[in-house]
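K.L.:
Submitted below is the structure of interest, expressed as structure tokens.
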Amino acid sequence: MAEQEVPRLGVGMVGYAFMGAAHSQAWRVAPRFFTLPMRPEMTAVCGRNGPAVEEAAARLGWASWETDWRRLLERDDVDLLDVCTPGNTHAEIAIAALAAGKHVLCEKPLANTVAEAEAMTRAAASAPNGAKAMVGFTYRRVPAIALARQIVAEGRIGTLRHVRAQYLQDWIADEQAPLSWRLDREVAGSGSLGDIGAHIVDLTQFITGDRITGVSGLLETFVHERPVASEFSGLHGSAGAERGPVTVDDAAVFMARFAGGAIGTFEATRFAWGRKNAIRIEINGSRGSLAFDFEDMNVLHYFDATEGSRLGGFRRIMVTEPEHPYIAAWWPAGHVLGYEHAFTHQVVDLIGALVAGEQPTPSFADGLAVQRVLDAVERSAAADSTWTLVATD
Ligand code: SOE
């Protein structure tokens with residue numbers, strides 16, 4: 001399709017820090033590598049600080065900027081709001097955008113509470129103008145993860161028995177690492193549980209095609225007070241003399257049952273020295289196993305138990321072949337992809353769904369399902385790890 005024939009999608013992005021930069025990269029790059037049925041236009045970026053958002057617009061490639069997100073709803077040249085702000089603002093912005101008939105891409109976790117996530121899901125279900133909503137559980141779009149989903153869906157792992165998931169980081173393992181909004185319950189909702197535990201809940205539900213039904217959880221805060229940061233770049237900030245309280249969990253572990261009979265163990269922490277962004281998922285079923293580690297994100301390990309014990313063994317699949325999900329648009333085999341590519345794939349899939357008039361996934365209902373698991377873990381942890389059922393509709 002010639003470029004001028006495809007309709008445009010005016011994007012307005014709220015927030016321009018770490019996630020905003022990753023999303024900007026995706027909006028910029030997606031139409032240059034993928035043939036898209038709609039042309040995204042980086043129409044406006046929004047942030048409260050005028051000079052800072054003006055600078056970000058120029059640096060990240062946005063055509064204009066605003067200091068109030070409500071302005072984006074009034075603009076006819078904005079069709080979609082990309083919400084890259086902390087969790088405490090997601091519900092208000094997303095619900096208003098959907099009511100105004102704008103599509104929404106909202107960063108994870110969907111919200112800070114189940115009630116907010118429910119309201120957002122209702123808003124998505126009743127949005128005028130065919131507006132659609134999607135939550136940004138971006139790691140689903142890592143090619144090796146998408147391949148893992150395919151392998152499970154093809155029945156190659158058989159009946160699922162074990163789901164083992166860890167999300168390990170170390171950016172606050174240093175007790176002097178400064179406070180960021182991610183350590184403030186009012187803003188972030190929870191700590192490691194919502195920030196990174198949410199990802200492994202979504203990923204395991206996505207790969208298995210199953211839902212977590214009950215949990216027993218444990219939350220811990222190791223460091224209760226930290227220096228207040230003056231400046232932040234990505235996850236790291238410069239500390240001043242002032243100190244403030246940490247009001248979220250530093251680590252979360254929980255056991256889980258899946259509806260299909262599998263049992264799971266989950267661990268999310270930002271205190272695992274040496275582990276930078278280690279999302280590790282291992283699945284064992286009646287016919288085989290899968291293993292993935294984001295720190296080696298182009299690789300998926302697959303064990304096929306039907307091969308027998310003499311020559312059987314874990315197969316290291318380099319997920320960079322054109323047959324693999326998303327790869328054909330990129331480089332020759334072995335020319336590996338990185339963190340930012342999954343954000344590009346997210347844009348590609350979102351646009352594909354919008355043009356087809358389909359519900360993009362993960363939907364707000366999927367985001368709500370994750371929120372309910374997080375909520376059950378919190379309730380369980382508050383009740384001495386009592387077995388707690390995950391709410392359903
Ligand atoms: C910080 O822990 C963080 O940036 C998370 O907020 C992201 O969701 C995760 O993907 C990377 O780490």
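In the structure tokens, chains take letters A, B, ... by order of appearance, with residues numbered from 1 within each chain and ligands from 1 in the order shown.
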Show which residues sit within 12 Å of Gly352 of chain A, as a list of chain:residue names. Count only C-alpha atoms, and ignore same-chain residues fewer than 2 positions away.

P.N.:
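These residues fall inside the cut-off: A:Leu9, A:Ala30, A:Pro31, A:Phe34, A:Thr35, A:Leu36, A:Pro37, A:Met38, A:Arg39, A:Pro40, A:His345, A:Gln346, A:Val347, A:Val348, A:Asp349, A:Leu350, A:Leu354, A:Val355, A:Ala356, A:Gly357, A:Glu358, A:Gln359, A:Pro360, A:Thr361.
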
K.L.:
For those residues, write N, CA and C atoms to a file as a PDB file, in the first residue's frame.

P.N.:
ATOM      1  N   LEU A   9      -2.955   7.868  12.077  1.00  0.00           N
ATOM      2  CA  LEU A   9      -3.353   7.696  13.474  1.00  0.00           C
ATOM      3  C   LEU A   9      -2.590   8.746  14.266  1.00  0.00           C
ATOM      4  N   ALA A  30       8.345   1.850  14.146  1.00  0.00           N
ATOM      5  CA  ALA A  30       7.410   0.836  13.617  1.00  0.00           C
ATOM      6  C   ALA A  30       7.105   1.035  12.127  1.00  0.00           C
ATOM      7  N   PRO A  31       6.726   2.256  11.688  1.00  0.00           N
ATOM      8  CA  PRO A  31       6.371   2.394  10.271  1.00  0.00           C
ATOM      9  C   PRO A  31       7.569   2.311   9.341  1.00  0.00           C
ATOM     10  N   PHE A  34       8.043  -2.008   9.493  1.00  0.00           N
ATOM     11  CA  PHE A  34       6.858  -2.836   9.222  1.00  0.00           C
ATOM     12  C   PHE A  34       5.954  -2.101   8.231  1.00  0.00           C
ATOM     13  N   THR A  35       5.281  -2.857   7.373  1.00  0.00           N
ATOM     14  CA  THR A  35       4.298  -2.249   6.477  1.00  0.00           C
ATOM     15  C   THR A  35       2.990  -2.174   7.264  1.00  0.00           C
ATOM     16  N   LEU A  36       2.626  -0.990   7.644  1.00  0.00           N
ATOM     17  CA  LEU A  36       1.468  -0.823   8.531  1.00  0.00           C
ATOM     18  C   LEU A  36       0.247  -0.349   7.748  1.00  0.00           C
ATOM     19  N   PRO A  37      -0.935  -0.822   8.132  1.00  0.00           N
ATOM     20  CA  PRO A  37      -2.160  -0.394   7.448  1.00  0.00           C
ATOM     21  C   PRO A  37      -2.650   0.974   7.919  1.00  0.00           C
ATOM     22  N   MET A  38      -1.892   1.605   8.792  1.00  0.00           N
ATOM     23  CA  MET A  38      -2.244   2.934   9.296  1.00  0.00           C
ATOM     24  C   MET A  38      -0.921   3.619   9.647  1.00  0.00           C
ATOM     25  N   ARG A  39      -0.849   4.893   9.383  1.00  0.00           N
ATOM     26  CA  ARG A  39       0.421   5.609   9.580  1.00  0.00           C
ATOM     27  C   ARG A  39       0.380   6.378  10.908  1.00  0.00           C
ATOM     28  N   PRO A  40       1.157   5.924  11.923  1.00  0.00           N
ATOM     29  CA  PRO A  40       1.137   6.672  13.184  1.00  0.00           C
ATOM     30  C   PRO A  40       1.872   8.000  13.031  1.00  0.00           C
ATOM     31  N   HIS A 345       6.942  -3.838  18.396  1.00  0.00           N
ATOM     32  CA  HIS A 345       5.962  -4.888  18.070  1.00  0.00           C
ATOM     33  C   HIS A 345       4.597  -4.560  18.687  1.00  0.00           C
ATOM     34  N   GLN A 346       4.627  -3.942  19.847  1.00  0.00           N
ATOM     35  CA  GLN A 346       3.372  -3.559  20.517  1.00  0.00           C
ATOM     36  C   GLN A 346       2.593  -2.571  19.641  1.00  0.00           C
ATOM     37  N   VAL A 347       3.302  -1.602  19.088  1.00  0.00           N
ATOM     38  CA  VAL A 347       2.668  -0.623  18.200  1.00  0.00           C
ATOM     39  C   VAL A 347       2.129  -1.319  16.946  1.00  0.00           C
ATOM     40  N   VAL A 348       2.913  -2.224  16.393  1.00  0.00           N
ATOM     41  CA  VAL A 348       2.506  -2.937  15.174  1.00  0.00           C
ATOM     42  C   VAL A 348       1.221  -3.723  15.440  1.00  0.00           C
ATOM     43  N   ASP A 349       1.186  -4.464  16.526  1.00  0.00           N
ATOM     44  CA  ASP A 349       0.003  -5.277  16.839  1.00  0.00           C
ATOM     45  C   ASP A 349      -1.207  -4.401  17.165  1.00  0.00           C
ATOM     46  N   LEU A 350      -0.955  -3.306  17.857  1.00  0.00           N
ATOM     47  CA  LEU A 350      -2.060  -2.396  18.208  1.00  0.00           C
ATOM     48  C   LEU A 350      -2.680  -1.826  16.934  1.00  0.00           C
ATOM     49  N   LEU A 354      -6.493  -2.249  15.489  1.00  0.00           N
ATOM     50  CA  LEU A 354      -7.370  -1.083  15.270  1.00  0.00           C
ATOM     51  C   LEU A 354      -7.921  -1.086  13.855  1.00  0.00           C
ATOM     52  N   VAL A 355      -7.065  -1.379  12.892  1.00  0.00           N
ATOM     53  CA  VAL A 355      -7.509  -1.359  11.494  1.00  0.00           C
ATOM     54  C   VAL A 355      -8.491  -2.497  11.230  1.00  0.00           C
ATOM     55  N   ALA A 356      -8.261  -3.641  11.867  1.00  0.00           N
ATOM     56  CA  ALA A 356      -9.167  -4.787  11.688  1.00  0.00           C
ATOM     57  C   ALA A 356     -10.453  -4.615  12.505  1.00  0.00           C
ATOM     58  N   GLY A 357     -10.507  -3.584  13.341  1.00  0.00           N
ATOM     59  CA  GLY A 357     -11.683  -3.372  14.198  1.00  0.00           C
ATOM     60  C   GLY A 357     -11.762  -4.421  15.296  1.00  0.00           C
ATOM     61  N   GLU A 358     -10.601  -5.006  15.636  1.00  0.00           N
ATOM     62  CA  GLU A 358     -10.583  -6.053  16.667  1.00  0.00           C
ATOM     63  C   GLU A 358     -10.095  -5.497  18.010  1.00  0.00           C
ATOM     64  N   GLN A 359     -10.349  -6.268  19.059  1.00  0.00           N
ATOM     65  CA  GLN A 359      -9.862  -5.892  20.389  1.00  0.00           C
ATOM     66  C   GLN A 359      -8.351  -6.153  20.454  1.00  0.00           C
ATOM     67  N   PRO A 360      -7.532  -5.114  20.646  1.00  0.00           N
ATOM     68  CA  PRO A 360      -6.098  -5.384  20.816  1.00  0.00           C
ATOM     69  C   PRO A 360      -5.843  -6.114  22.136  1.00  0.00           C
ATOM     70  N   THR A 361      -4.815  -6.923  22.169  1.00  0.00           N
ATOM     71  CA  THR A 361      -4.467  -7.614  23.409  1.00  0.00           C
ATOM     72  C   THR A 361      -3.042  -7.272  23.827  1.00  0.00           C
TER      73      THR A 361
END

K.L.:
Could you give me the residues within 8 Å of ligand 1, counting only C-alpha atoms and all ligand atoms, as a ChimeraX atom specification?

P.N.:
/A:18-19,108,138-139,169,171,182,192,195-196,199,234-235,270,277

K.L.:
Convert the current residue selection to file output with N, CA and C atoms, as a PDB file, in the first residue's frame.

P.N.:
ATOM      1  N   PHE A  18      11.242   7.416  31.241  1.00  0.00           N
ATOM      2  CA  PHE A  18      11.746   6.125  30.748  1.00  0.00           C
ATOM      3  C   PHE A  18      10.758   5.478  29.769  1.00  0.00           C
ATOM      4  N   MET A  19       9.511   5.265  30.211  1.00  0.00           N
ATOM      5  CA  MET A  19       8.550   4.588  29.337  1.00  0.00           C
ATOM      6  C   MET A  19       8.183   5.455  28.135  1.00  0.00           C
ATOM      7  N   LYS A 108       1.627  -0.470  32.035  1.00  0.00           N
ATOM      8  CA  LYS A 108       1.303  -1.416  33.105  1.00  0.00           C
ATOM      9  C   LYS A 108       1.804  -0.908  34.435  1.00  0.00           C
ATOM     10  N   THR A 138       4.391  -5.248  27.595  1.00  0.00           N
ATOM     11  CA  THR A 138       5.184  -5.264  26.366  1.00  0.00           C
ATOM     12  C   THR A 138       5.967  -6.555  26.155  1.00  0.00           C
ATOM     13  N   TYR A 139       6.367  -7.205  27.258  1.00  0.00           N
ATOM     14  CA  TYR A 139       7.238  -8.385  27.101  1.00  0.00           C
ATOM     15  C   TYR A 139       6.554  -9.520  26.345  1.00  0.00           C
ATOM     16  N   GLN A 169      15.719  -7.909  39.667  1.00  0.00           N
ATOM     17  CA  GLN A 169      16.489  -6.700  39.345  1.00  0.00           C
ATOM     18  C   GLN A 169      17.317  -6.332  40.578  1.00  0.00           C
ATOM     19  N   TRP A 171      18.260  -2.676  41.159  1.00  0.00           N
ATOM     20  CA  TRP A 171      18.491  -1.225  41.162  1.00  0.00           C
ATOM     21  C   TRP A 171      18.206  -0.534  42.491  1.00  0.00           C
ATOM     22  N   ARG A 182       8.504   5.006  42.245  1.00  0.00           N
ATOM     23  CA  ARG A 182       8.201   3.576  42.272  1.00  0.00           C
ATOM     24  C   ARG A 182       8.225   3.007  43.696  1.00  0.00           C
ATOM     25  N   SER A 192       7.635  -4.014  44.231  1.00  0.00           N
ATOM     26  CA  SER A 192       8.076  -5.014  43.262  1.00  0.00           C
ATOM     27  C   SER A 192       6.885  -5.814  42.739  1.00  0.00           C
ATOM     28  N   ASP A 195       5.118  -3.465  40.074  1.00  0.00           N
ATOM     29  CA  ASP A 195       6.045  -2.948  39.064  1.00  0.00           C
ATOM     30  C   ASP A 195       6.570  -4.065  38.170  1.00  0.00           C
ATOM     31  N   ILE A 196       7.043  -5.142  38.779  1.00  0.00           N
ATOM     32  CA  ILE A 196       7.636  -6.209  37.954  1.00  0.00           C
ATOM     33  C   ILE A 196       6.911  -7.548  38.128  1.00  0.00           C
ATOM     34  N   HIS A 199       4.363  -8.142  35.503  1.00  0.00           N
ATOM     35  CA  HIS A 199       4.824  -8.668  34.211  1.00  0.00           C
ATOM     36  C   HIS A 199       4.816 -10.200  34.194  1.00  0.00           C
ATOM     37  N   GLY A 234      16.103   7.589  33.995  1.00  0.00           N
ATOM     38  CA  GLY A 234      15.752   6.173  33.993  1.00  0.00           C
ATOM     39  C   GLY A 234      15.416   5.751  35.404  1.00  0.00           C
ATOM     40  N   LEU A 235      16.087   4.737  35.915  1.00  0.00           N
ATOM     41  CA  LEU A 235      15.788   4.247  37.265  1.00  0.00           C
ATOM     42  C   LEU A 235      16.693   4.857  38.316  1.00  0.00           C
ATOM     43  N   ARG A 270      13.723  -6.379  43.568  1.00  0.00           N
ATOM     44  CA  ARG A 270      14.701  -5.457  42.996  1.00  0.00           C
ATOM     45  C   ARG A 270      15.939  -5.441  43.889  1.00  0.00           C
ATOM     46  N   ASN A 277      17.803  -7.358  34.705  1.00  0.00           N
ATOM     47  CA  ASN A 277      16.405  -7.413  34.239  1.00  0.00           C
ATOM     48  C   ASN A 277      16.105  -8.866  33.867  1.00  0.00           C
TER      49      ASN A 277
END

K.L.:
Could you name the residues that touch Arg149 of chain A at 9 Å or less, counting only C-alpha atoms, but leaving out those on the same chain fewer than 5 positions away, as a CSV table (one decimal) with C-alpha atoms, in the first residue's frame?

P.N.:
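Just written: selection_31.csv:
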chain,number,residue,atom,x,y,z
A,140,ARG,CA,4.5,-10.5,25.4
A,144,ALA,CA,11.0,-15.8,22.2
A,154,GLU,CA,0.4,-26.3,19.7
A,206,PHE,CA,-0.2,-15.4,28.3
A,207,ILE,CA,2.2,-18.2,27.6
A,208,THR,CA,0.0,-20.9,29.3
A,209,GLY,CA,-3.3,-19.4,28.0

K.L.:
Just want the 6 Å neighbourhood of segment 237-248 of chain A, counted on only C-alpha atoms, with same-chain residues fewer than 3 positions away dropped. Output as a ChimeraX atom specification.

P.N.:
/A:178,183-185,190-191,224-232

K.L.:
Dump N, CA and C atoms for the selected residues as a PDB file, in the first residue's frame?

P.N.:
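Printed below is part_39.pdb as written:
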ATOM      1  N   PRO A 178      18.365   6.156  45.917  1.00  0.00           N
ATOM      2  CA  PRO A 178      17.341   7.119  46.356  1.00  0.00           C
ATOM      3  C   PRO A 178      15.909   6.679  46.099  1.00  0.00           C
ATOM      4  N   LEU A 183       8.739   3.784  44.661  1.00  0.00           N
ATOM      5  CA  LEU A 183       8.779   3.314  46.050  1.00  0.00           C
ATOM      6  C   LEU A 183       7.706   4.014  46.897  1.00  0.00           C
ATOM      7  N   ASP A 184       6.801   4.707  46.245  1.00  0.00           N
ATOM      8  CA  ASP A 184       5.754   5.470  46.930  1.00  0.00           C
ATOM      9  C   ASP A 184       4.396   4.836  46.609  1.00  0.00           C
ATOM     10  N   ARG A 185       3.773   4.275  47.618  1.00  0.00           N
ATOM     11  CA  ARG A 185       2.519   3.546  47.414  1.00  0.00           C
ATOM     12  C   ARG A 185       1.420   4.421  46.795  1.00  0.00           C
ATOM     13  N   SER A 190       1.908  -0.370  44.448  1.00  0.00           N
ATOM     14  CA  SER A 190       2.675  -1.348  45.228  1.00  0.00           C
ATOM     15  C   SER A 190       4.109  -1.293  44.718  1.00  0.00           C
ATOM     16  N   GLY A 191       4.968  -2.142  45.254  1.00  0.00           N
ATOM     17  CA  GLY A 191       6.388  -2.081  44.897  1.00  0.00           C
ATOM     18  C   GLY A 191       6.753  -3.089  43.834  1.00  0.00           C
ATOM     19  N   HIS A 224      13.451   0.666  54.892  1.00  0.00           N
ATOM     20  CA  HIS A 224      12.233   1.460  55.152  1.00  0.00           C
ATOM     21  C   HIS A 224      12.390   2.951  54.898  1.00  0.00           C
ATOM     22  N   GLU A 225      13.634   3.401  54.749  1.00  0.00           N
ATOM     23  CA  GLU A 225      13.857   4.838  54.555  1.00  0.00           C
ATOM     24  C   GLU A 225      15.026   5.017  53.588  1.00  0.00           C
ATOM     25  N   ARG A 226      14.934   6.001  52.733  1.00  0.00           N
ATOM     26  CA  ARG A 226      16.003   6.222  51.744  1.00  0.00           C
ATOM     27  C   ARG A 226      16.197   7.713  51.519  1.00  0.00           C
ATOM     28  N   PRO A 227      17.335   8.069  50.911  1.00  0.00           N
ATOM     29  CA  PRO A 227      17.521   9.479  50.577  1.00  0.00           C
ATOM     30  C   PRO A 227      16.521   9.911  49.502  1.00  0.00           C
ATOM     31  N   VAL A 228      16.075  11.144  49.600  1.00  0.00           N
ATOM     32  CA  VAL A 228      15.153  11.682  48.590  1.00  0.00           C
ATOM     33  C   VAL A 228      15.987  12.097  47.384  1.00  0.00           C
ATOM     34  N   ALA A 229      15.511  11.755  46.207  1.00  0.00           N
ATOM     35  CA  ALA A 229      16.278  12.063  44.992  1.00  0.00           C
ATOM     36  C   ALA A 229      15.930  13.442  44.470  1.00  0.00           C
ATOM     37  N   SER A 230      16.920  14.135  43.932  1.00  0.00           N
ATOM     38  CA  SER A 230      16.633  15.418  43.306  1.00  0.00           C
ATOM     39  C   SER A 230      16.349  15.214  41.816  1.00  0.00           C
ATOM     40  N   GLU A 231      17.163  14.455  41.134  1.00  0.00           N
ATOM     41  CA  GLU A 231      17.033  14.253  39.685  1.00  0.00           C
ATOM     42  C   GLU A 231      16.960  12.772  39.406  1.00  0.00           C
ATOM     43  N   PHE A 232      16.185  12.373  38.402  1.00  0.00           N
ATOM     44  CA  PHE A 232      16.162  10.968  37.990  1.00  0.00           C
ATOM     45  C   PHE A 232      16.441  10.845  36.505  1.00  0.00           C
TER      46      PHE A 232
END

K.L.:
Near Leu73 of chain A, counting only C-alpha atoms, which residues have an atom at most 8 Å away, once you skip same-chain residues fewer than 4 positions from it, shown as a list in words?

P.N.:
Trp69, Val78, Ala96, Ala97, Ala100 and Lys102 of chain A

K.L.:
Write out as a count of residues only the set of residues from segment 275-334 of chain A that DSSP, computed on the backbone, places in strand (DSSP E).

P.N.:
24

K.L.:
Considering only alpha helix (DSSP H) as DSSP defines it on the backbone, what residues of segment 155-271 of chain A qualify? List them as a list of chain:residue names.

P.N.:
A:Arg185, A:Glu186, A:Val187, A:Ala188, A:Ser192, A:Ala198, A:His199, A:Ile200, A:Val201, A:Asp202, A:Leu203, A:Thr204, A:Gln205, A:Phe206, A:Ile207, A:Thr208

K.L.:
May I have the selected residues written with C-alpha atoms, as a short mmCIF file (atom, residue, chain, number, x, y, z; two decimals), in the first residue's frame?

P.N.:
data_model
loop_
_atom_site.label_atom_id
_atom_site.label_comp_id
_atom_site.auth_asym_id
_atom_site.auth_seq_id
_atom_site.Cartn_x
_atom_site.Cartn_y
_atom_site.Cartn_z
CA ARG A 185 2.52 3.55 47.41
CA GLU A 186 0.35 6.59 46.68
CA VAL A 187 1.87 6.87 43.23
CA ALA A 188 2.87 3.32 42.28
CA SER A 192 8.08 -5.01 43.26
CA ALA A 198 2.71 -7.79 37.24
CA HIS A 199 4.82 -8.67 34.21
CA ILE A 200 5.40 -12.28 35.22
CA VAL A 201 1.74 -12.72 36.12
CA ASP A 202 0.77 -11.47 32.68
CA LEU A 203 3.51 -13.42 30.89
CA THR A 204 2.71 -16.74 32.53
CA GLN A 205 -1.02 -16.29 31.91
CA PHE A 206 -0.22 -15.37 28.30
CA ILE A 207 2.19 -18.25 27.61
CA THR A 208 -0.01 -20.86 29.26
#

K.L.:
Please measure the separation of atom CA of Glu92 of chain A and atom CA of Tyr167 of chain A, giving the value in Å to one decimal.

P.N.:
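So the two atoms, atom CA of Glu92 of chain A and atom CA of Tyr167 of chain A, lie 28.7 Å apart.
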
K.L.:
Closest to Ala333 of chain A among A:Ile281, A:Thr320, A:Glu55, A:Gly308, using only C-alpha atoms?

P.N.:
A:Thr320

K.L.:
When distances are computed from only C-alpha atoms, which of A:Val390, A:Arg287, A:Ile212, A:Ile263 shows the smallest separation from Glu307 of chain A?

P.N.:
A:Arg287

K.L.:
Just the residues within 9 Å of Trp65 of chain A, please, counting only C-alpha atoms, with nothing from its chain fewer than 4 positions along; format it as a ChimeraX atom specification.

P.N.:
/A:12,43-47,50,53-54,56-57

K.L.:
Need to verify the contact set: Gly15 of chain A, 12 Å, only C-alpha atoms, exclusion of same-chain residues closer than 4 positions in sequence. Can you return it as an NGL selection string?

P.N.:
:A and (19-24 or 44-49 or 52-53 or 56-57 or 60 or 65-69 or 81-87 or 89-90 or 93 or 106-107)

K.L.:
Under the rule that only C-alpha atoms are counted, which of A:Leu105, A:Ala382, A:Ile95, A:Ala173 is the nearest residue to Glu118 of chain A?

P.N.:
A:Ile95

K.L.:
I'd like to know which of A:Ile317, A:Ala177, A:Val152, A:Leu168 is closest to Asp210 of chain A, using only C-alpha atoms.

P.N.:
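Comparing A:Ile317, A:Ala177, A:Val152, A:Leu168 against Asp210 of chain A, the winner is A:Val152.
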
K.L.:
In terms of the shortest atom-to-atom distance over only C-alpha atoms, which of A:Leu147, A:Ala17, A:Ala383, A:Met297 is closest to Leu218 of chain A?

P.N.:
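Result for the nearest residue to Leu218 of chain A: A:Ala383.
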
K.L.:
Which distance in Å separates atom CA of Arg257 of chain A and atom CA of Arg211 of chain A, to one decimal?

P.N.:
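A separation of 8.5 Å between them.
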
K.L.:
Can you measure atom CA of Gly261 of chain A to atom CA of Asp296 of chain A for me? One decimal in Å is fine.

P.N.:
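About the pair atom CA of Gly261 of chain A and atom CA of Asp296 of chain A: they are 29.2 Å apart.
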
K.L.:
Considering only C-alpha atoms, can you say which of A:Ala63, A:Ile351, A:Ala58, A:Val163 comes closest to Val104 of chain A?

P.N.:
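Distance minimum relative to Val104 of chain A lands on A:Ile351.
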